[in-house]
file entry.txt (compact mmCIF, C-alpha atoms)
# COMPACT_ATOMS: atom_id res chain seq x y z
CA MET W 164 -21.69 -0.70 -17.91
CA VAL W 165 -18.34 1.12 -17.56
CA SER W 166 -16.00 0.07 -14.76
CA GLU W 167 -12.92 1.97 -13.66
CA LEU W 168 -9.50 0.56 -14.50
CA LYS W 169 -7.59 0.55 -11.20
CA SER W 170 -4.09 -0.17 -9.99
CA ASP W 171 -4.92 -3.70 -8.86
CA ILE W 172 -4.57 -4.78 -12.50
CA LEU W 173 -0.81 -4.14 -12.20
CA HIS W 174 -0.38 -6.46 -9.24
CA GLU W 175 -2.44 -9.10 -11.00
CA VAL W 176 -0.38 -8.99 -14.21
CA ILE W 177 3.20 -7.99 -13.34
CA LEU W 178 4.50 -11.16 -11.74
CA ARG W 179 7.99 -11.85 -10.44
CA ARG W 180 9.94 -13.78 -13.05
CA PRO W 181 10.93 -17.36 -12.23
CA ASP W 182 14.67 -17.93 -11.87
CA GLN W 183 14.62 -20.75 -14.41
CA SER W 184 13.66 -18.71 -17.47
CA HIS W 185 15.28 -17.11 -20.51
CA LYS W 186 14.60 -14.38 -23.08
CA GLY W 187 12.56 -16.72 -25.27
CA ASP W 188 10.01 -17.02 -22.48
CA TYR W 189 9.13 -13.34 -22.54
CA GLY W 190 7.92 -12.79 -26.06
CA ARG W 191 9.33 -12.13 -29.52
CA VAL W 192 7.99 -8.71 -30.53
CA LEU W 193 8.28 -7.33 -34.06
CA LEU W 194 7.64 -3.61 -34.53
CA ILE W 195 7.03 -2.26 -38.04
CA GLY W 196 7.16 1.46 -38.73
CA GLY W 197 9.39 4.50 -38.88
CA SER W 198 9.50 6.20 -42.26
CA VAL W 199 12.30 8.69 -42.91
CA GLN W 200 10.06 11.52 -41.74
CA PHE W 201 8.72 9.76 -38.64
CA GLY W 202 11.65 7.62 -37.52
CA GLY W 203 11.42 8.79 -33.92
CA ALA W 204 8.08 7.02 -33.51
CA ILE W 205 9.47 3.54 -34.06
CA LEU W 206 12.53 4.32 -31.93
CA MET W 207 10.30 5.21 -28.98
CA ALA W 208 8.03 2.20 -29.56
CA SER W 209 11.00 -0.16 -29.57
CA GLN W 210 12.44 1.50 -26.48
CA ALA W 211 9.09 0.92 -24.74
CA SER W 212 8.84 -2.71 -25.87
CA ILE W 213 12.25 -3.46 -24.39
CA GLY W 214 11.60 -1.40 -21.26
CA ALA W 215 8.31 -3.23 -20.74
CA GLY W 216 10.17 -6.53 -20.69
CA ALA W 217 9.86 -8.11 -24.14
CA GLY W 218 12.40 -10.91 -24.38
CA LEU W 219 13.38 -10.14 -27.98
CA THR W 220 12.49 -6.99 -29.91
CA THR W 221 13.02 -6.66 -33.66
CA VAL W 222 12.37 -3.48 -35.64
CA ALA W 223 11.47 -3.44 -39.33
CA THR W 224 12.04 0.11 -40.47
CA ASP W 225 13.67 2.36 -43.05
CA ARG W 226 17.43 1.88 -43.26
CA ALA W 227 17.82 5.59 -42.46
CA ASN W 228 16.88 4.72 -38.85
CA LEU W 229 19.50 2.00 -38.34
CA THR W 230 22.24 4.12 -36.76
CA ALA W 231 19.83 5.92 -34.43
CA LEU W 232 18.20 2.63 -33.43
CA HIS W 233 21.46 0.94 -32.51
CA ALA W 234 22.78 4.05 -30.77
CA ARG W 235 19.62 4.62 -28.77
CA THR W 236 18.39 1.05 -28.20
CA PRO W 237 21.18 -1.44 -28.88
CA GLU W 238 19.03 -4.26 -27.46
CA ALA W 239 16.81 -4.11 -30.55
CA MET W 240 17.45 -6.04 -33.76
CA PHE W 241 17.01 -4.44 -37.17
CA ILE W 242 15.40 -5.43 -40.48
CA ASP W 243 15.36 -3.27 -43.60
CA TRP W 244 11.64 -3.09 -44.31
CA GLN W 245 12.28 -3.12 -48.04
CA ASP W 246 13.51 -6.72 -47.73
CA GLY W 247 10.13 -8.41 -48.14
CA ASP W 248 11.43 -11.93 -47.51
CA GLN W 249 13.02 -10.97 -44.20
CA VAL W 250 9.91 -9.11 -43.12
CA VAL W 251 7.74 -12.17 -43.77
CA LYS W 252 10.19 -14.51 -42.02
CA ASN W 253 10.20 -12.31 -38.95
CA ILE W 254 6.42 -11.96 -38.93
CA GLU W 255 6.16 -15.75 -38.97
CA LYS W 256 8.50 -16.27 -36.00
CA SER W 257 7.16 -13.45 -33.80
CA ASP W 258 4.67 -13.78 -30.97
CA VAL W 259 3.52 -10.16 -31.27
CA ILE W 260 3.50 -7.83 -34.29
CA VAL W 261 3.08 -4.09 -33.69
CA ILE W 262 2.48 -2.15 -36.90
CA GLY W 263 1.93 1.56 -37.35
CA PRO W 264 4.20 3.84 -35.30
CA GLY W 265 5.62 6.34 -37.80
CA LEU W 266 4.73 4.03 -40.68
CA GLY W 267 3.48 6.74 -43.05
CA THR W 268 0.80 6.18 -45.66
CA ASP W 269 2.68 5.79 -48.97
CA GLN W 270 2.35 2.73 -51.19
CA GLN W 271 5.14 0.85 -49.41
CA ALA W 272 3.34 1.37 -46.11
CA VAL W 273 0.08 0.12 -47.63
CA ASP W 274 1.88 -2.97 -48.94
CA LEU W 275 3.40 -3.64 -45.51
CA VAL W 276 0.00 -3.50 -43.80
CA LYS W 277 -1.47 -5.88 -46.37
CA ARG W 278 1.50 -8.25 -46.05
CA VAL W 279 1.20 -8.35 -42.26
CA PHE W 280 -2.55 -8.95 -42.39
CA ALA W 281 -2.07 -11.77 -44.89
CA THR W 282 0.72 -13.47 -42.92
CA VAL W 283 -0.30 -13.40 -39.25
CA THR W 284 -1.80 -16.55 -37.74
CA GLN W 285 -4.20 -17.41 -34.94
CA GLU W 286 -1.28 -18.11 -32.57
CA GLN W 287 -0.09 -14.51 -32.80
CA ILE W 288 -1.07 -11.14 -31.35
CA LEU W 289 -1.44 -8.13 -33.64
CA VAL W 290 -1.28 -4.54 -32.37
CA VAL W 291 -2.37 -1.93 -34.94
CA ASP W 292 -1.56 1.71 -34.28
CA GLY W 293 -1.13 5.11 -35.90
CA SER W 294 -0.57 5.22 -39.65
CA ALA W 295 -1.67 1.61 -40.10
CA LEU W 296 -5.15 2.59 -38.91
CA THR W 297 -5.27 5.47 -41.38
CA ILE W 298 -4.21 3.08 -44.17
CA MET W 299 -7.02 0.72 -43.18
CA ALA W 300 -9.56 3.54 -43.36
CA GLU W 301 -8.31 4.88 -46.70
CA ASN W 302 -8.11 1.44 -48.30
CA HIS W 303 -11.26 -0.04 -46.73
CA LEU W 304 -9.33 -2.85 -45.03
CA MET W 305 -10.66 -5.08 -42.27
CA PHE W 306 -8.64 -6.47 -39.39
CA PRO W 307 -7.63 -10.08 -40.07
CA ARG W 308 -9.76 -12.67 -38.28
CA LYS W 309 -6.91 -15.03 -37.39
CA PRO W 310 -4.79 -13.30 -34.73
CA TYR W 311 -5.78 -11.77 -31.41
CA THR W 312 -6.07 -8.15 -32.56
CA ILE W 313 -5.65 -4.95 -30.55
CA ALA W 314 -6.16 -1.47 -32.01
CA THR W 315 -4.96 1.73 -30.33
CA PRO W 316 -6.55 4.67 -32.18
CA HIS W 317 -6.93 8.20 -30.95
CA GLN W 318 -10.37 9.67 -31.52
CA MET W 319 -9.73 11.07 -35.00
CA GLU W 320 -8.24 7.75 -36.17
CA TRP W 321 -11.24 5.91 -34.77
CA ALA W 322 -13.58 8.33 -36.55
CA ARG W 323 -11.87 7.62 -39.87
CA LEU W 324 -11.82 3.89 -39.34
CA SER W 325 -15.23 3.31 -37.75
CA GLY W 326 -17.25 6.15 -39.25
CA ILE W 327 -18.28 7.21 -35.72
CA GLN W 328 -17.66 10.93 -35.47
CA LEU W 329 -16.24 12.49 -32.31
CA ASN W 330 -19.52 13.79 -30.93
CA TYR W 331 -21.03 10.29 -31.14
CA GLN W 332 -18.07 8.41 -29.64
CA THR W 333 -19.55 8.90 -26.18
CA GLU W 334 -22.19 6.37 -27.23
CA HIS W 335 -20.46 3.26 -25.93
CA GLN W 336 -22.72 0.84 -27.77
CA LEU W 337 -21.79 2.36 -31.14
CA ASN W 338 -18.11 1.80 -30.44
CA GLU W 339 -18.74 -1.76 -29.25
CA VAL W 340 -20.78 -2.68 -32.33
CA GLN W 341 -18.12 -1.24 -34.62
CA ARG W 342 -15.38 -3.11 -32.72
CA GLN W 343 -17.17 -6.38 -33.49
CA ILE W 344 -17.84 -5.49 -37.13
CA LEU W 345 -14.15 -4.69 -37.66
CA ASN W 346 -13.03 -8.04 -36.14
CA LEU W 347 -11.30 -6.35 -33.19
CA ASP W 348 -10.65 -8.24 -29.97
CA VAL W 349 -9.60 -5.14 -28.00
CA LEU W 350 -10.14 -1.47 -28.78
CA VAL W 351 -8.03 1.01 -26.81
CA LEU W 352 -9.72 4.33 -27.60
CA LYS W 353 -7.20 6.99 -26.59
CA GLN W 354 -8.73 10.16 -25.18
CA HIS W 355 -8.97 12.03 -21.91
CA HIS W 356 -9.88 9.05 -19.73
CA THR W 357 -9.06 6.33 -22.26
CA LEU W 358 -11.62 3.57 -22.83
CA ILE W 359 -10.82 -0.12 -23.35
CA TYR W 360 -13.46 -2.18 -25.14
CA ALA W 361 -13.41 -5.97 -25.21
CA GLN W 362 -15.97 -8.74 -25.25
CA ASN W 363 -18.42 -8.23 -22.37
CA GLU W 364 -16.14 -5.65 -20.76
CA LEU W 365 -15.67 -1.88 -20.86
CA ARG W 366 -13.04 -0.24 -18.67
CA GLN W 367 -12.13 3.42 -18.32
CA LEU W 368 -8.83 4.88 -17.22
CA MET W 369 -9.35 7.77 -14.79
CA ILE W 370 -5.71 8.85 -14.39
CA GLY W 371 -3.39 10.81 -16.69
CA GLY W 372 -3.73 14.33 -17.99
CA ALA W 373 -2.80 17.07 -20.46
CA TYR W 374 0.91 16.67 -19.61
CA GLN W 375 0.75 13.62 -21.90
CA ALA W 376 -0.39 15.67 -24.90
CA THR W 377 2.83 15.49 -26.87
CA GLY W 378 4.01 13.64 -29.97
CA GLY W 379 5.17 10.08 -29.39
CA MET W 380 2.92 9.31 -26.41
CA GLY W 381 0.87 6.82 -28.43
CA ASP W 382 3.98 5.22 -29.91
CA VAL W 383 5.30 4.47 -26.42
CA LEU W 384 1.91 3.05 -25.45
CA ALA W 385 1.88 0.76 -28.50
CA GLY W 386 5.37 -0.52 -27.66
CA THR W 387 4.41 -1.00 -24.01
CA ILE W 388 1.34 -3.01 -24.99
CA GLY W 389 3.51 -5.13 -27.31
CA GLY W 390 5.96 -5.85 -24.50
CA PHE W 391 3.23 -6.67 -21.98
CA VAL W 392 1.17 -9.01 -24.17
CA GLY W 393 4.37 -10.72 -25.35
CA GLN W 394 5.48 -11.75 -21.88
CA PHE W 395 2.32 -11.87 -19.75
CA LYS W 396 0.60 -14.62 -21.68
CA ASN W 397 -2.09 -15.85 -19.30
CA ASN W 398 -4.64 -13.19 -20.20
CA HIS W 399 -4.15 -10.89 -23.21
CA LEU W 400 -6.84 -8.41 -22.17
CA LYS W 401 -5.47 -7.98 -18.66
CA ALA W 402 -2.00 -7.46 -20.11
CA VAL W 403 -3.36 -4.66 -22.32
CA GLU W 404 -5.15 -3.08 -19.37
CA ALA W 405 -2.01 -3.22 -17.23
CA ALA W 406 0.06 -1.61 -20.00
CA VAL W 407 -2.46 1.23 -20.41
CA TYR W 408 -2.56 1.83 -16.66
CA ALA W 409 1.23 1.71 -16.16
CA HIS W 410 1.83 4.09 -19.09
CA SER W 411 -0.42 6.79 -17.60
CA MET W 412 0.58 6.17 -13.99
CA ILE W 413 4.25 6.73 -14.79
CA ALA W 414 3.31 9.93 -16.63
CA GLN W 415 1.20 11.10 -13.71
CA GLU W 416 4.07 10.58 -11.28
CA MET W 417 6.48 12.46 -13.57
CA ALA W 418 4.00 15.32 -13.97
CA SER W 419 4.59 16.27 -10.32
CA HIS W 420 7.92 17.72 -11.45
CA SER W 421 7.46 18.16 -15.23
CA TYR W 422 5.09 20.50 -17.05
CA VAL W 423 5.01 18.02 -19.93
CA VAL W 424 6.14 14.41 -19.83
CA LYS W 425 8.42 13.22 -22.62
CA PRO W 426 7.21 9.85 -23.93
CA SER W 427 10.76 8.51 -24.10
CA PHE W 428 11.09 9.15 -20.36
CA ILE W 429 8.11 6.85 -19.78
CA ALA W 430 9.79 4.13 -21.83
CA ASP W 431 12.97 4.52 -19.77
CA ALA W 432 11.03 4.45 -16.48
CA LEU W 433 9.11 1.24 -17.20
CA PRO W 434 11.62 -1.30 -15.78
CA ASN W 435 12.00 0.51 -12.45
CA TYR W 436 8.26 1.07 -12.16
CA MET W 437 7.52 -2.60 -12.86
CA ALA W 438 10.11 -3.64 -10.27
CA ARG W 439 8.31 -1.51 -7.69
CA ILE W 440 5.03 -3.22 -8.53
CA GLN W 441 6.37 -6.76 -8.41
CA SER W 442 8.14 -6.13 -5.12
CA ASN W 443 4.74 -5.65 -3.50
CA LEU W 444 3.47 -9.13 -4.40

call {"tool": "encode", "arguments": {"input": "entry.txt", "output": "structure tokens"}}
result
Amino acid sequence: MVSELKSDILHEVILRRPDQSHKGDYGRVLLIGGSVQFGGAILMASQASIGAGAGLTTVATDRANLTALHARTPEAMFIDWQDGDQVVKNIEKSDVIVIGPGLGTDQQAVDLVKRVFATVTQEQILVVDGSALTIMAENHLMFPRKPYTIATPHQMEWARLSGIQLNYQTEHQLNEVQRQILNLDVLVLKQHHTLIYAQNELRQLMIGGAYQATGGMGDVLAGTIGGFVGQFKNNHLKAVEAAVYAHSMIAQEMASHSYVVKPSFIADALPNYMARIQSNL
């Protein structure tokens, strides 16, 4: 049974922060991605993680992205993704690992996916997006059983990974069975009216539109999910649902005066939007 994802999820999840708190209370998020060709993806994802409220955001990416990262998002920390020891150390000390935005699919990217999957623990949250999903499909990889795992494929990525072709993805039971086989806790299937699959629950987003059909939209969503699950720790699924709803609601508001909505604008708008929500509590 599909239920509609509504705005009440925002008021349930986005709580006013207690005065006696610090950055360590709001999640350590590690984002891994951004090849030379697709560096913008990881920049937007990190911008979204910080805008969504992650206490500490670290980016493991190609060194070519360092200057742009620090110029655009100075709040983020940087790791050269070719430094395997530093990558592993930062995986181990992070609450949330987001892998995939702009990652690419070369051998180094494959090795990074395998390293992350081998290192994460049951205390952590893993968000798998974009190129990392393609790598999984091409290399017949399964999601690791240990962490709480969230995947954010668009329909073509889901078809490659699950084997369920587009014309059969309307069969909800097929998607749910494949989610369980692949060891996924939450599947965010991005489409017109995105679907969120989790144990005993199926929600559908009924807002958003074609003004979101531009490169980088999914990267901002992945970063937003990372920031939400990192800080709103009481219920991982509700945090994912709130992130998905907020991402599209901001876009819908912007579409009243923009023919297309730039994903980076959504990332920038997150703090003000979240302040509006919490002020209504």

call {"tool": "closest_residue", "arguments": {"input": "entry.txt", "among": "W:Ser166, W:Gln210, W:Thr387, W:Thr333", "to": "Glu238 of chain W", "atoms": "only C-alpha atoms"}}
result
W:Gln210

call {"tool": "atom_distance", "arguments": {"input": "entry.txt", "atom1": "atom CA of Phe395 of chain W", "atom2": "atom CA of His174 of chain W"}}
result
12.1 Å

call {"tool": "closest_residue", "arguments": {"input": "entry.txt", "among": "W:Phe241, W:Phe306, W:Gly293, W:Ile359", "to": "Gly263 of chain W", "atoms": "all atoms listed in the file"}}
result
W:Gly293

call {"tool": "closest_residue", "arguments": {"input": "entry.txt", "among": "W:Thr377, W:Asn435, W:Gln245, W:Ser294", "to": "Phe201 of chain W", "atoms": "all atoms listed in the file"}}
result
W:Ser294

call {"tool": "atom_distance", "arguments": {"input": "entry.txt", "atom1": "atom CA of Thr297 of chain W", "atom2": "atom CA of Lys252 of chain W"}}
result
25.3 Å

call {"tool": "residues_near_point", "arguments": {"input": "entry.txt", "point": "(8.5, 15.6, -22.3)", "cutoff": "10 Å", "atoms": "only C-alpha atoms", "output": "ChimeraX atom specification"}}
result
/W:374-380,414,417-418,421-429

call {"tool": "closest_residue", "arguments": {"input": "entry.txt", "among": "W:Thr220, W:Ser257, W:Asn346, W:Gln354", "to": "Trp321 of chain W", "atoms": "all atoms listed in the file"}}
result
W:Gln354

call {"tool": "atom_distance", "arguments": {"input": "entry.txt", "atom1": "atom CA of Ile260 of chain W", "atom2": "atom CA of Gly389 of chain W"}}
result
7.5 Å

call {"tool": "residues_around", "arguments": {"input": "entry.txt", "residues": "segment 185-200 of chain W", "least_positions_apart": "2", "cutoff": "7 Å", "atoms": "all atoms listed in the file", "output": "JSON list (two decimals) with C-alpha atoms, keeping the file's coordinate frame"}}
result
[["chain", "number", "residue", "atom", "x", "y", "z"],
["W", 202, "GLY", "CA", 11.65, 7.62, -37.52],
["W", 203, "GLY", "CA", 11.42, 8.79, -33.92],
["W", 204, "ALA", "CA", 8.08, 7.02, -33.51],
["W", 205, "ILE", "CA", 9.47, 3.54, -34.06],
["W", 209, "SER", "CA", 11.00, -0.16, -29.57],
["W", 217, "ALA", "CA", 9.86, -8.11, -24.14],
["W", 218, "GLY", "CA", 12.40, -10.91, -24.38],
["W", 219, "LEU", "CA", 13.38, -10.14, -27.98],
["W", 220, "THR", "CA", 12.49, -6.99, -29.91],
["W", 221, "THR", "CA", 13.02, -6.66, -33.66],
["W", 222, "VAL", "CA", 12.37, -3.48, -35.64],
["W", 223, "ALA", "CA", 11.47, -3.44, -39.33],
["W", 224, "THR", "CA", 12.04, 0.11, -40.47],
["W", 225, "ASP", "CA", 13.67, 2.36, -43.05],
["W", 227, "ALA", "CA", 17.82, 5.59, -42.46],
["W", 254, "ILE", "CA", 6.42, -11.96, -38.93],
["W", 257, "SER", "CA", 7.16, -13.45, -33.80],
["W", 258, "ASP", "CA", 4.67, -13.78, -30.97],
["W", 259, "VAL", "CA", 3.52, -10.16, -31.27],
["W", 260, "ILE", "CA", 3.50, -7.83, -34.29],
["W", 261, "VAL", "CA", 3.08, -4.09, -33.69],
["W", 262, "ILE", "CA", 2.48, -2.15, -36.90],
["W", 263, "GLY", "CA", 1.93, 1.56, -37.35],
["W", 264, "PRO", "CA", 4.20, 3.84, -35.30],
["W", 265, "GLY", "CA", 5.62, 6.34, -37.80],
["W", 266, "LEU", "CA", 4.73, 4.03, -40.68],
["W", 267, "GLY", "CA", 3.48, 6.74, -43.05],
["W", 389, "GLY", "CA", 3.51, -5.13, -27.31],
["W", 390, "GLY", "CA", 5.96, -5.85, -24.50],
["W", 393, "GLY", "CA", 4.37, -10.72, -25.35],
["W", 394, "GLN", "CA", 5.48, -11.75, -21.88]]

call {"tool": "residues_around", "arguments": {"input": "entry.txt", "residues": "Asn398 of chain W", "least_positions_apart": "3", "cutoff": "12 Å", "atoms": "all atoms listed in the file", "output": "list in words"}}
result
Ile172, Glu175, Val176, Ile177, Ile288, Tyr311, Phe391, Val392, Gly393, Gln394, Phe395, Lys401, Ala402, Val403, Glu404 and Ala405 of chain W

call {"tool": "closest_residue", "arguments": {"input": "entry.txt", "among": "W:Asp382, W:Glu301, W:Asp274, W:Glu334", "to": "Ala208 of chain W", "atoms": "all atoms listed in the file"}}
result
W:Asp382

call {"tool": "closest_residue", "arguments": {"input": "entry.txt", "among": "W:Thr315, W:Thr282, W:Gln328, W:Gln415", "to": "Val383 of chain W", "atoms": "only C-alpha atoms"}}
result
W:Thr315
